[in-house]
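The structure appears right after this line, and notes come after that.
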Amino acid sequence: MNEITPVSLKDAPALIQAVFPAQKVSFEAQSERKAVAAQTLTGLGSYWKGRKPLILVRAIVLGSLLPQTGDSEKDLEIFEKLMAFDDHGLARRAFVQNDLKPKHIASRISLSNPWDYFTFTGRDDLEADDRLLNLECPFDADEEGISLRWDRDTSDEAKLQLIERALGTFSTYEEKASFCKRPEEVEQAWLYAPVWPAVNDHYAQWGVKARSLPELVEQMGILRFGHRPRVGDTFSGGGSIPFEAARMGCDAYAADLNPIACMLTWGAMNIIGAPKKHRTMLEDAQKTVTEQVDKELIRLGVEHDEKGNRGKAYLYCLETRCPETGWMVPMLPSRVVSPKLGAIARLKPDHANKRFEIEVVSNVSAKELKGAEKGTIDDGSLVYELDGRTYRTPVKTLRGDYRGPDGATLNRLRRWEKLDFVPRGDDIFQERLYAIQWITKNSIYKPRQITYFRAVTDADLERERKVERIVAENLAAWQAEGLTPDMLIEPGAKTDEPIRTRGWTHWHHLFNPRQLLLQALALKAWRESPGAPLGWLNVAKMADFNSRLCRWATSQGGGLGGPKGVFSNQALNTFYNYATRSWSGYGAGSFRMAEEALPDVEREVISAPADQPARVCDFWVTDPPYADAVNYHEITEFFIAWLRRNPPEEFRDWTWDSRRALAIKGSGDDFRRGMVDAYRAMAEHMPDNGMQCVMFTHQDTGVWSDMVGIFWAAGLQVVAAWYIATETTSELKKGGYVQGTVILMLRKRPAGERSGFKQRILPAVRTEVERQIESMMHLNDEVKDKLGEPVFNDSDLQMAGYAAALKVLTAYTHIGGDDVTSFALRPRQRGEETVVDEIVQQAAEAANSLLVPEGLEAETWSRLTGIQRFYFRMMDMETTGASKLDNYQNFAKAFRVADYAKVMGNMAANSARLKRVTEFASRDLTDSTEIGPTWLGRLIIGLQQLLAETEPTVVVGQIQEDLPDFLEIRRQLIDMLSFIERKAPEKEVRDAAEVLGGRLKNLRAFSQ
């Protein structure tokens, strides 16, 4: 048998350059996202929003390692086995999930004797029992009035076979995988046990003999590079790329300028993926610190009432003096405390003190609960009623907003000083505790706590004053020891908000006395613990969930109510009311280990700029901050302020500063220069046969043009591109739309000079686009014939068009006489269309011209305008379940549609659809609209007239009159109507299209 020969695959093209099951990866990536807190790395810090799905990282690394063998279909089959996307892998995942029950299986497959596998209960009449014993599958157990379960003698292997057969009856991968655990949730050795004979056989010519994914990865690395592959990421962020690379068996190198990102990445590899012995130490440390802080709080007596109940959450609001009445008024956007318990706050005037008492009552009527949704803050104004009169004052008036000499908005809020932690008596905004959620004495340490809400008593206020005294006596010392922040808030896009709206100037001002006390006690205990690095992660998590910026959420699903994290969005929003957690809101469960420890591979995390990699890596996989809505360099100062003093040994070499000046951020010329430096440095720290993967969110061709310029100047050539729908919703983008991720694969550009001109490049681009798409469509046909569904959808094929263009384009060193590096780095003018923009756009058009919707003639397609192509393309995709908004966004850009929203019937993220023929209003179809003057626009009018029972001859006459070239285009109109007849979802529209198409076919003269 062959033995592995190092570097025998040195120059072999990677599988990902030709084949990648993007649709399946997309579904799995979204499934991972939907797991929310159950995602493997989220427990370290959900405040970091930029992590890419682990399954996507796995697919990229594996696809980059595996070679093309000349048999694309077989290559794809093996790849899917290794991802557990194949039918048997799905069956094993479904077996563990246990959502596909015996009754489902019995209803979908044929079995001559189901009682070899199942047993039933629920029928006790003998006649029915006799008949059931002779029953064959498929049958409906519910209709038979019986309950099915597995027979105790049925083996796991037999169950797996039946589950696999049942899954095979579903038509799409999405339907099958919806019954399954995610691959990472299944014990890996058992999940992959059946695949190794097929894998080893497929790669036998290179001597591959693997029994686990890390073994395969190491052997493939030796075949390509002579050693175990190293994967690097210089924008490591939350750590998903280096973590998953290490979990697969690669050596992992991670770097980030931001120390919080480094801490999260380190935590992913050394806490989430910790070996058993280290896990035990961490769990013991967590327990010890939890008990230590708990005992200290009990000693201080600040979280228990006189009956032994313990506070769980403390609700605070701002309070301000009304300039009209002189009354102190609580600022509450809503008076609802807990929808589930029917708990609200009632305001009772206290005329003697010119303020309001706040009562908290539970079990109010639905009507009163609804009324309580309206508080004293409405549309930016303080609004309240007193003695039958309503008073309204804009908050900006209370704040004293005015225009400064430079036009900036200023106000009369006092700027807080370093030792401030509560408002002073003459501050515009005071702060008031108005409700407490209590845990009953007997359920404090039980898994299921019993809680209730109560108004604030004098004893509660005395405990508040005690906490304030403790903080006042210790704040200066805590700041000197680094147990409490003393950092100034540096102005910035996001950091201006707390300064402007509250007058806070230091980071500790974002925390009230209770929060400062809890944070200081926890940080002190963790400093003395052997698990200090875990403590740093936990203290950061606590800060996110225990700040004056934590809103009290009551509006969703009638729940109990609870505090939301500061970074539930990526800003530093101040609130009129907020919630503070007690220590019981944390405890021993604040991190979750991975199911299995990481393999014994090299793992390195350093804090460094992206253009200063410290290692040579075979693969660089990066998710750069292109046009990012998140100002990480600013908002992470919120965490750095707590953690920068005396970090544990593991973090001591990092620079605990945001280093704003060095951060690659935003867009524009500075961004492009920083990116070129970073990617050039990575290319220089990569072997000649290495590869890079760059992920970024697809925006428009301007993004493509910038990214091409960056890679051009960095000496890289694009070799493939894929489109993955990674998100179900996104808090980073307005509207929460589905966001896709573009996966660009790059290699070093071959050495030497190569000049090109647009006139010569364009034909080469078109040829490459056609070759790429035709090869993909051929594979689609082969796989569809065997498995019932294609590998690639239209988005994949469209992306292949871009990739083909970029592959041709980035091979050149000069375009039109200009050096590409100079071209890439020169400042861009607003609205400028460069030669790159033009070539990329023409590549998109070349790709789209090949993607003729099923049932439409190529000649018709070639003559349609962009808006018509968009409508027909999406109409075709809707018949296969295309309901995600990003599909519409991407194709609207590709077809250069000015405003696709005008032809959309629904713009919801995951339920998007076109307007139906019957939904177009007259104003939508005038000559001033995009679709109105087109052939399609005139046909829609005609169909609407037929549905309104206008005579067909009148409708045909109107179309002839509206379209002067009617005779020349009659064949195309008939083809379009035939397409609508097949694709329209409403029967009446299909019937009308058939009638109108028939009339046009039979037309002999204008008079008919």
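Ordered as shown in the structure tokens, chains take letters A, B, and onward, while each chain numbers its residues from 1 and ligands are numbered from 1 in the order shown.
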
Handout entry: Exercise: Val293 (chain A) partners within 10 Å, only C-alpha atoms, chain neighbours under 5 positions left out, as a ChimeraX atom specification
Key = /A:288,298-299,518,520-526,583,587

Per residue of region 656-678 of chain A within 12 Å of region 248-265 of chain A, record the nearest atom pair and its distance in Å to one decimal, counting only C-alpha atoms, with rows in chain order and ascending residue number, as CSV.
```
residue,atom,partner,partner_atom,distance
A:Trp656,CA,A:Pro259,CA,5.8
A:Asp657,CA,A:Pro259,CA,7.2
A:Ser658,CA,A:Asn258,CA,5.9
A:Arg659,CA,A:Leu257,CA,7.6
A:Arg660,CA,A:Asn258,CA,9.4
A:Ala661,CA,A:Leu257,CA,10.8
A:Leu662,CA,A:Leu257,CA,8.0
A:Ala663,CA,A:Leu257,CA,7.1
A:Ile664,CA,A:Leu257,CA,9.3
A:Lys665,CA,A:Leu257,CA,11.8
A:Ala678,CA,A:Asp256,CA,11.6
```

Practice task
Give me the residues within 12 Å of Glu218 (chain A) as a list in words, counting only C-alpha atoms and dropping any in the same chain fewer than 6 places off.
Solution key: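 My list of contacting residues is Ile4, Pro6, Leu62, Leu65, Leu66, Val208, Lys209, Ala210, Arg211, Ser212, Arg224, Phe225, Gly226, His227, Arg228, Pro229, Arg230, Ala245, Ala246, Met248, Gly249, Cys250, Asp251, Pro599, Asp600 and Val601 of chain A.
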
So which residues touch region 495-497 of chain A within 8 Å, counting only C-alpha atoms, skipping near sequence neighbours fewer than 4 positions away, as an mmCIF file with C-alpha atoms, in the first residue's frame?
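To be explicit, this is the file written out as result-v7.cif:
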```cif
data_model
loop_
_atom_site.group_PDB
_atom_site.id
_atom_site.type_symbol
_atom_site.label_atom_id
_atom_site.label_comp_id
_atom_site.auth_asym_id
_atom_site.auth_seq_id
_atom_site.Cartn_x
_atom_site.Cartn_y
_atom_site.Cartn_z
ATOM 1 C CA ILE A 489 -14.118 57.936 28.312
ATOM 2 C CA GLU A 490 -12.419 59.034 25.121
ATOM 3 C CA PRO A 491 -14.815 60.767 22.695
ATOM 4 C CA THR A 501 -26.740 62.226 27.440
ATOM 5 C CA LEU A 572 -23.431 52.489 24.281
ATOM 6 C CA ASN A 573 -27.079 53.455 24.649
ATOM 7 C CA THR A 574 -28.185 55.108 27.868
ATOM 8 C CA GLU A 634 -14.204 52.180 20.948
ATOM 9 C CA ILE A 635 -16.707 49.964 22.696
#
```

Problem - Pick from A:Arg182, A:Tyr576, A:Asp544, A:Gln842, whichever lies nearest to Thr376 (chain A) using only C-alpha atoms - result: A:Tyr576

Practice task
Within 6 Å of region 902-909 of chain A, counting only C-alpha atoms, which residues show up once you throw out same-chain ones fewer than 2 positions away? Write them as a ChimeraX atom specification, please.
Solution key: /A:737-738,884-885,900,911-915

Take the residues from that selection and write them out as a CSV table (one decimal), in the first residue's frame, keeping C-alpha atoms.
```csv
chain,number,residue,atom,x,y,z
A,737,TYR,CA,-32.2,41.6,7.3
A,738,VAL,CA,-30.7,38.3,6.5
A,884,LYS,CA,-34.8,35.2,2.1
A,885,LEU,CA,-34.4,38.9,1.5
A,900,TYR,CA,-36.5,46.7,-6.2
A,911,SER,CA,-40.5,35.9,4.2
A,912,ALA,CA,-39.6,38.1,1.3
A,913,ARG,CA,-41.7,37.8,-1.9
A,914,LEU,CA,-42.5,39.7,-5.0
A,915,LYS,CA,-45.7,41.6,-5.6
```

Practice task
Record the distance separating CA of Asp427 (chain A) and CA of Leu318 (chain A), expressed in Å with one decimal.
Solution key: 11.1 Å
